[in-house]
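J.: Please see the structure below; I have some questions.
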Amino acid sequence: MALTVENLTEWINSFAAKIAEQKDYLSELDTPIGDGDHGNNMARGVKAVQESLTSKKPAELTDAFKQIAMALISKVGGASGPLYGTAFLEMAKKSKDTSDLTELFAAAAAGIKKRGGAQVGDKTMVDVWDPLAEKIKAGNLAQADVDAAVNATKDLVAKKGRASYLGERSVGHLDPGAVSSGYLFAALIETEGI
Ligand code: ADP
Ligand code: MG
Ligand code: MG
């Protein structure tokens with residue numbers, strides 16, 4: 001499985017469509033355990049990503065990843081902006097050597113963990129990125145895995161980010177960043193030829 005500028009653009013456009021469609025839902029998820037802005041943050045970010053990729057068509061995979069990262073870092077804001085940005089910057093770096101999905105996602109997941117200091121089980125986007133990067137490595141990522149990883153955040157106690165201020169009261173709510181990250185993996189599964 002390998003990425004090209006073409007299928008990467010298709011994947012990101014599909015992710016952007018899901019975010020736009022679920023914008024209100026993502027902000028609703030962020031209301032009881034956060035500040036209610038995750039959908040708006042992400043929708044602003046993916047719009048900027050699409051504008052960047054259309055106004056300047058990237059020549060190489062590395063340029064595409066960099067443009068995506070820069071748009072996310074400058075437009076998403078909050079805790080999630082720098083974390084999504086880091087994921088794509090790490091993929092940009094790794095893409096100089098390889099277009100292999102396993103290596104790109106391993107680098108992205110490691111980058112998010114390093115940048116945010118969260119581990120699996122802390123009720124963050126790491127609970128989606130880390131196990132699903134492993135599924136990609138095993139060559140069997142499926143939508144059921146995405147759903148399982150996202151839904152597993154519901155029973156966890158938040159240890160990082162705004163939701164951690166609630167401690168035990170964060171239990172019973174899905175993590176919004178895990179849900180938005182789930183859309184990224186769902187879009188990947190749906191993109192043909194990756
Ligand atoms: P903010 O909390 O600043 O308003 P968002 O609402 O856009 O930012 O994003 C919140 C999401 O960011 C959380 O649901 C969680 O998935 C993710 N997040 C927050 N802190 C961390 C962290 N330290 N490591 C990984 N993910 C994190
Ligand atoms: Mg928020
Ligand atoms: Mg916020």
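The way I read the labels, and the way they are meant: chains A, B, ... in the order of the structure tokens, residue 1 as the first residue of every chain, and ligand 1 as the first ligand shown, with later ones counted on from there.
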Per residue of chain A within 6 Å of ligand 3, record the nearest atom pair and its distance in Å to one decimal, counting only C-alpha atoms and all ligand atoms, with rows in chain order and ascending residue number, as JSON lines.

T.:
{"residue": "A:Asp35", "atom": "CA", "partner": "ligand 3", "partner_atom_place_in_ligand_line": "1 (Mg)", "distance": 5.5}
{"residue": "A:Asp37", "atom": "CA", "partner": "ligand 3", "partner_atom_place_in_ligand_line": "1 (Mg)", "distance": 5.5}
{"residue": "A:Gly78", "atom": "CA", "partner": "ligand 3", "partner_atom_place_in_ligand_line": "1 (Mg)", "distance": 4.7}

J.: If you keep C-alpha atoms, can you produce a file of those selected residues as a JSON list (two decimals), in the first residue's frame?

T.:
[["chain", "number", "residue", "atom", "x", "y", "z"],
["A", 35, "ASP", "CA", -15.30, 23.70, 25.42],
["A", 37, "ASP", "CA", -15.37, 23.90, 19.68],
["A", 78, "GLY", "CA", -6.79, 24.46, 20.31]]

J.: List as a list in words the protein and nucleic acid residues near Val5 (chain A), meaning an atom at most 8 Å away when only C-alpha atoms are counted, but skip any in the same chain fewer than 6 places from it.

T.: Pro58, Ala59, Glu60, Leu61 and Ala64 of chain A

J.: Write out as a ChimeraX atom specification all residues of region 97-189 of chain A that DSSP puts in alpha helix (DSSP H) for this structure's backbone.

T.: /A:101-116,126-138,143-152,176-189

J.: Ligand 2: which residues are within 8 Å, counting only C-alpha atoms and all ligand atoms, as number ranges by chain?

T.: A: 27, 30-31, 34-38, 41, 78-79, 162

J.: Using the selection just defined, write its residues with C-alpha atoms as a JSON list (two decimals), in the first residue's frame.

T.:
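Ended up saving to result38.json:
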[["chain", "number", "residue", "atom", "x", "y", "z"],
["A", 27, "SER", "CA", -18.72, 20.22, 18.76],
["A", 30, "ASP", "CA", -16.79, 18.47, 22.97],
["A", 31, "THR", "CA", -19.46, 20.27, 25.02],
["A", 34, "GLY", "CA", -14.49, 20.24, 26.74],
["A", 35, "ASP", "CA", -15.30, 23.70, 25.42],
["A", 36, "GLY", "CA", -17.58, 22.79, 22.54],
["A", 37, "ASP", "CA", -15.37, 23.90, 19.68],
["A", 38, "HIS", "CA", -13.86, 20.75, 18.19],
["A", 41, "ASN", "CA", -11.88, 23.96, 14.85],
["A", 78, "GLY", "CA", -6.79, 24.46, 20.31],
["A", 79, "ALA", "CA", -5.04, 21.33, 21.48],
["A", 162, "ARG", "CA", -9.50, 19.70, 28.82]]

J.: So, counting only C-alpha atoms, which residue among A:Leu53, A:Ala118, A:Ala92, A:Leu188 is closest to Lys66 (chain A)?

T.: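 Result for the nearest residue to Lys66 (chain A): A:Ala92.
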
J.: Record the distance separating CA of Lys113 (chain A) and CA of Ser52 (chain A), expressed in Å with one decimal.

T.: 26.6 Å

J.: What residues of the protein or nucleic acid chains come within 10 Å of ligand 1 when you use only C-alpha atoms and all ligand atoms? Reply as a PyMOL selection string.

T.: chain A and resi 26-27+29-31+33-42+76-84+109+112-120+122-129+153+158-164+174-181

J.: Would you mind telling me which residue in A:Val171, A:Ile73, A:Leu141, A:Ala148 lies nearest to Glu190 (chain A) when using only C-alpha atoms?

T.: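 Once distances to Glu190 (chain A) are computed over only C-alpha atoms, the minimum belongs to A:Leu141.
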
J.: In Å, with one decimal, what is the gap from CA of His173 (chain A) to CA of Ala133 (chain A)?

T.: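 These two atoms are separated by 23.4 Å.
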
J.: Tell me, as number ranges by chain, which residues lie within 7 Å of Asp100 (chain A), counting only C-alpha atoms; anything in the same chain fewer than 3 positions away does not count.

T.: A: 1-3, 103-104

J.: Between CA of Ala69 (chain A) and CA of Lys93 (chain A), what is the distance in Å, rounded to a tenth?

T.: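 Between CA of Ala69 (chain A) and CA of Lys93 (chain A) the gap works out to 11.2 Å.
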
J.: Measuring between only C-alpha atoms, which one of A:Gly45, A:Gly193, A:Pro32, A:Pro131 shows the shortest distance to Leu166 (chain A)?

T.: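 For Leu166 (chain A), the nearest of the given residues is A:Pro32.
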
J.: Would you kindly return, as an MDAnalysis selection string, each protein, DNA or RNA residue with an atom no farther than 10 Å from any atom of Val49 (chain A), considering only C-alpha atoms and excluding same-chain residues fewer than 4 positions away?

T.: chainID A and resid 9 12:13 16 43:45 53:54 64 67:72 75
